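Engineer: File model_17.tsv below, TSV, C-alpha atoms:
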chain	number	residue	atom	x	y	z
L	192	MET	CA	-8.58	38.60	-5.92
L	193	VAL	CA	-6.17	35.69	-5.44
L	194	LYS	CA	-6.39	32.89	-8.00
L	195	CYS	CA	-6.28	29.31	-6.70
L	196	THR	CA	-5.91	26.35	-9.04
L	197	PHE	CA	-6.41	22.81	-7.78
L	198	ILE	CA	-4.94	20.11	-10.02
L	199	THR	CA	-6.07	16.59	-9.19
L	200	LEU	CA	-5.85	13.21	-10.87
L	201	GLY	CA	-8.70	10.76	-11.11
L	202	ALA	CA	-12.45	11.20	-10.96
L	203	LEU	CA	-14.52	11.68	-7.83
L	204	LYS	CA	-16.91	8.74	-7.74
L	205	GLU	CA	-18.67	9.29	-4.43
L	206	ASP	CA	-21.53	11.78	-4.46
L	207	TYR	CA	-20.99	12.82	-0.83
L	208	LEU	CA	-17.38	13.79	-1.60
L	209	SER	CA	-18.46	15.71	-4.71
L	210	ARG	CA	-20.94	17.65	-2.59
L	211	ALA	CA	-18.27	18.42	0.01
L	212	VAL	CA	-15.85	19.60	-2.70
L	213	GLU	CA	-18.54	21.89	-4.12
L	214	GLU	CA	-19.36	23.26	-0.66
L	215	TYR	CA	-15.73	24.21	0.07
L	216	LYS	CA	-15.24	25.65	-3.40
L	217	LYS	CA	-18.31	27.82	-2.77
L	218	ARG	CA	-16.96	28.94	0.61
L	219	LEU	CA	-13.53	29.63	-0.85
L	220	SER	CA	-14.98	31.73	-3.65
L	221	SER	CA	-15.43	34.66	-1.25
L	222	PHE	CA	-11.63	34.73	-0.80
L	223	ALA	CA	-10.27	33.54	-4.13
L	224	GLU	CA	-11.08	32.77	-7.74
L	225	ILE	CA	-11.15	28.96	-7.89
L	226	THR	CA	-10.17	26.81	-10.86
L	227	GLU	CA	-10.36	23.05	-10.62
L	228	VAL	CA	-8.40	20.94	-13.12
L	229	ASN	CA	-9.24	17.25	-12.99
L	230	LEU	CA	-6.88	15.10	-15.03
L	231	LYS	CA	-7.21	11.46	-15.96
L	232	ASP	CA	-4.94	9.15	-14.02
L	233	GLU	CA	-3.00	6.51	-15.91
L	234	LYS	CA	-4.39	2.99	-15.64
L	235	LEU	CA	-1.83	0.27	-14.98
L	236	LEU	CA	-1.91	-3.38	-15.93
L	237	THR	CA	0.79	-4.83	-13.71
L	238	GLU	CA	1.88	-2.11	-11.28
L	239	SER	CA	5.52	-2.99	-11.90
L	240	ASP	CA	8.07	-0.36	-10.88
L	241	ALA	CA	8.72	0.45	-14.54
L	242	GLU	CA	5.02	0.79	-15.33
L	243	VAL	CA	4.41	3.03	-12.30
L	244	ALA	CA	7.38	5.23	-13.24
L	245	SER	CA	6.12	5.51	-16.81
L	246	ALA	CA	2.61	6.41	-15.61
L	247	LEU	CA	3.96	9.06	-13.24
L	248	GLU	CA	5.91	10.65	-16.10
L	249	LYS	CA	2.82	10.75	-18.34
L	250	GLU	CA	0.83	12.27	-15.49
L	251	ALA	CA	3.65	14.77	-14.89
L	252	ASP	CA	3.42	15.98	-18.49
L	253	ALA	CA	-0.30	16.64	-18.02
L	254	ILE	CA	0.15	18.29	-14.61
L	255	LEU	CA	3.03	20.54	-15.62
L	256	ALA	CA	1.08	21.75	-18.65
L	257	LYS	CA	-1.75	22.93	-16.37
L	258	ILE	CA	0.23	24.85	-13.72
L	259	PRO	CA	-0.54	28.54	-14.25
L	260	ASP	CA	2.47	30.71	-15.10
L	261	GLY	CA	3.84	32.46	-12.05
L	262	ALA	CA	1.75	30.48	-9.56
L	263	TYR	CA	3.16	29.51	-6.18
L	264	THR	CA	2.88	25.73	-6.50
L	265	VAL	CA	2.22	23.35	-3.63
L	266	ALA	CA	2.55	19.60	-4.17
L	267	LEU	CA	0.93	17.25	-1.70
L	268	CYS	CA	3.23	14.33	-1.03
L	269	VAL	CA	4.00	11.96	1.82
L	270	GLU	CA	7.52	13.27	2.33
L	271	GLY	CA	6.32	16.87	2.44
L	272	LYS	CA	6.53	19.16	5.43
L	273	GLU	CA	3.69	19.11	7.94
L	274	TYR	CA	2.22	22.46	9.02
L	275	SER	CA	-0.12	23.64	11.73
L	276	SER	CA	-3.19	25.44	10.40
L	277	GLU	CA	-1.67	28.79	11.37
L	278	ALA	CA	1.66	28.03	9.69
L	279	PHE	CA	-0.16	26.83	6.57
L	280	ALA	CA	-2.11	30.10	6.57
L	281	ASP	CA	1.18	32.01	6.81
L	282	LEU	CA	2.54	30.06	3.83
L	283	ILE	CA	-0.58	30.86	1.80
L	284	GLY	CA	-0.56	34.49	2.90
L	285	SER	CA	3.08	34.96	1.88
L	286	ALA	CA	2.47	33.28	-1.48
L	287	CYS	CA	-0.58	35.47	-2.10
L	288	ASP	CA	1.40	38.60	-1.25
L	289	THR	CA	4.32	37.74	-3.52
L	290	GLN	CA	2.67	35.93	-6.42
L	291	GLY	CA	-1.10	36.36	-6.23
L	292	LYS	CA	-1.65	32.90	-7.69
L	293	LEU	CA	-1.63	29.55	-5.94
L	294	CYS	CA	-1.63	26.08	-7.43
L	295	PHE	CA	-2.20	22.92	-5.37
L	296	ILE	CA	-1.46	19.47	-6.81
L	297	ILE	CA	-2.77	16.10	-5.64
L	298	GLY	CA	-1.23	13.24	-7.60
L	299	SER	CA	-2.62	9.84	-8.43
L	300	SER	CA	-2.65	6.90	-6.03
L	301	TYR	CA	0.99	6.32	-7.04
L	302	GLY	CA	2.00	9.83	-6.00
L	303	LEU	CA	3.79	12.44	-8.08
L	304	SER	CA	6.72	12.34	-10.44
L	305	PRO	CA	9.98	13.79	-9.12
L	306	ARG	CA	9.66	16.40	-11.91
L	307	VAL	CA	6.43	17.72	-10.41
L	308	LYS	CA	7.88	17.75	-6.91
L	309	GLN	CA	10.94	19.67	-8.15
L	310	LYS	CA	8.74	22.24	-9.91
L	311	ALA	CA	6.76	22.87	-6.71
L	312	ASN	CA	7.66	25.79	-4.47
L	313	ALA	CA	6.53	23.75	-1.47
L	314	ARG	CA	5.89	20.09	-0.73
L	315	ILE	CA	3.44	19.50	2.06
L	316	SER	CA	1.88	16.59	3.88
L	317	PHE	CA	-1.30	16.87	5.92
L	318	SER	CA	-0.52	13.74	7.90
L	319	LYS	CA	1.58	10.60	8.04
L	320	LEU	CA	-1.71	8.77	7.50
L	321	THR	CA	-2.87	7.73	4.04
L	322	PHE	CA	-6.19	9.14	2.79
L	323	PRO	CA	-8.30	8.21	-0.24
L	324	HIS	CA	-7.74	10.72	-3.04
L	325	GLY	CA	-11.34	11.91	-3.05
L	326	LEU	CA	-11.26	12.60	0.66
L	327	MET	CA	-7.89	14.36	0.29
L	328	ARG	CA	-9.52	16.80	-2.13
L	329	VAL	CA	-12.04	17.70	0.55
L	330	ILE	CA	-9.35	17.98	3.22
L	331	LEU	CA	-7.20	20.22	1.01
L	332	LEU	CA	-10.07	22.53	0.11
L	333	GLU	CA	-11.17	22.72	3.75
L	334	GLN	CA	-7.63	23.53	4.91
L	335	VAL	CA	-7.18	26.21	2.26
L	336	TYR	CA	-10.54	27.68	3.30
L	337	ARG	CA	-9.45	27.51	6.95
L	338	ALA	CA	-6.18	29.27	6.04
L	339	PHE	CA	-8.04	32.14	4.41
L	340	THR	CA	-10.34	32.48	7.44
L	341	ILE	CA	-7.26	32.67	9.67
L	342	LEU	CA	-5.71	35.31	7.41
L	343	LYS	CA	-8.93	37.34	7.46
L	344	GLY	CA	-9.47	36.97	11.22
L	345	LYS	CA	-12.71	34.99	10.89
L	346	LYS	CA	-13.91	32.66	13.66
L	347	TYR	CA	-14.27	29.48	11.54
L	348	HIS	CA	-10.77	28.18	12.32
L	349	LYS	CA	-11.26	27.91	16.08
Could you express the structure from this file as structure tokens?

Structural biologist:
Amino acid sequence: MVKCTFITLGALKEDYLSRAVEEYKKRLSSFAEITEVNLKDEKLLTESDAEVASALEKEADAILAKIPDGAYTVALCVEGKEYSSEAFADLIGSACDTQGKLCFIIGSSYGLSPRVKQKANARISFSKLTFPHGLMRVILLEQVYRAFTILKGKKYHK
């Protein structure tokens, strides 16, 4: 079975989002072994450029330490490539065939360090719109679930 790791920064505060995350993790579990790694985001005092850069580097250290060896790594970032659901499924299918392990990374509200982006095999964006981080977790899990249903020929994705 494929192993999927989801690395996220910051805590989910809203109960409805936590329930949605749990629902999609449950659905995904029929296609993949799911590991969720929730890391603490760095708190900033001033949000100066230097402070943000320093925080991103500290977060990068934590993220990079949690990426499973040999995993096909996907970083979510605004400058990433946008995919249709079918193309995203193809990306996941190819990664599963070649590596058998996937790792998805959602950074903090300040994004991801260039080091994390460089380590990633793919950088993707789900939209030019900005989403709250908690909601993005739900969207990511739902889209990964949708990708697996496409790959398996299930009707969910229609």

Engineer: Quick one, how far is atom CA of L:Arg306 from atom CA of L:Glu233?

Structural biologist: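 Computing it gives 16.6 Å between the two atoms.
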
Engineer: One number please: atom CA of L:Asp260 to atom CA of L:Thr196, in Å, one decimal.

Structural biologist: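 One can read the atom CA of L:Asp260 to atom CA of L:Thr196 distance as 11.2 Å.
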
Engineer: Which one is closest to L:Ser304: L:Ser276, L:Thr289, L:Ser318, L:Ser245? Count all atoms listed in the file.

Structural biologist: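 Comparing L:Ser276, L:Thr289, L:Ser318, L:Ser245 against L:Ser304, the winner is L:Ser245.
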
Engineer: Could you produce a table of the residues of stretch 288-337 of chain L lying within 12 Å of stretch 205-217 of chain L, with the nearest pair of atoms per residue and their separation in Å rounded to one decimal, using all atoms listed in the file, ordered by chain and increasing residue number, as a tab-separated table?

Structural biologist:
residue	atom	partner	partner_atom	distance
L:Pro323	CA	L:Leu208	CA	10.7
L:His324	CA	L:Leu208	CA	10.2
L:Gly325	CA	L:Leu208	CA	6.5
L:Leu326	CA	L:Leu208	CA	6.6
L:Met327	CA	L:Leu208	CA	9.7
L:Arg328	CA	L:Val212	CA	6.9
L:Val329	CA	L:Val212	CA	5.4
L:Ile330	CA	L:Val212	CA	8.9
L:Leu331	CA	L:Val212	CA	9.4
L:Leu332	CA	L:Tyr215	CA	5.9
L:Glu333	CA	L:Tyr215	CA	6.0
L:Gln334	CA	L:Tyr215	CA	9.5
L:Val335	CA	L:Tyr215	CA	9.0
L:Tyr336	CA	L:Tyr215	CA	7.0
L:Arg337	CA	L:Tyr215	CA	9.9

Engineer: To one decimal place, how far is atom CA of L:Asn229 from atom CA of L:Thr340 in Å?

Structural biologist: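 Value for the atom CA of L:Asn229-atom CA of L:Thr340 distance: 25.5 Å.
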
Engineer: Which residues are near L:Glu273? Cut-off 8 Å, only C-alpha atoms, ignore same chain within fewer than 4 positions. Put them as a list in words.

Structural biologist: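 The filter keeps Ile315, Ser316, Phe317 and Ser318 of chain L.
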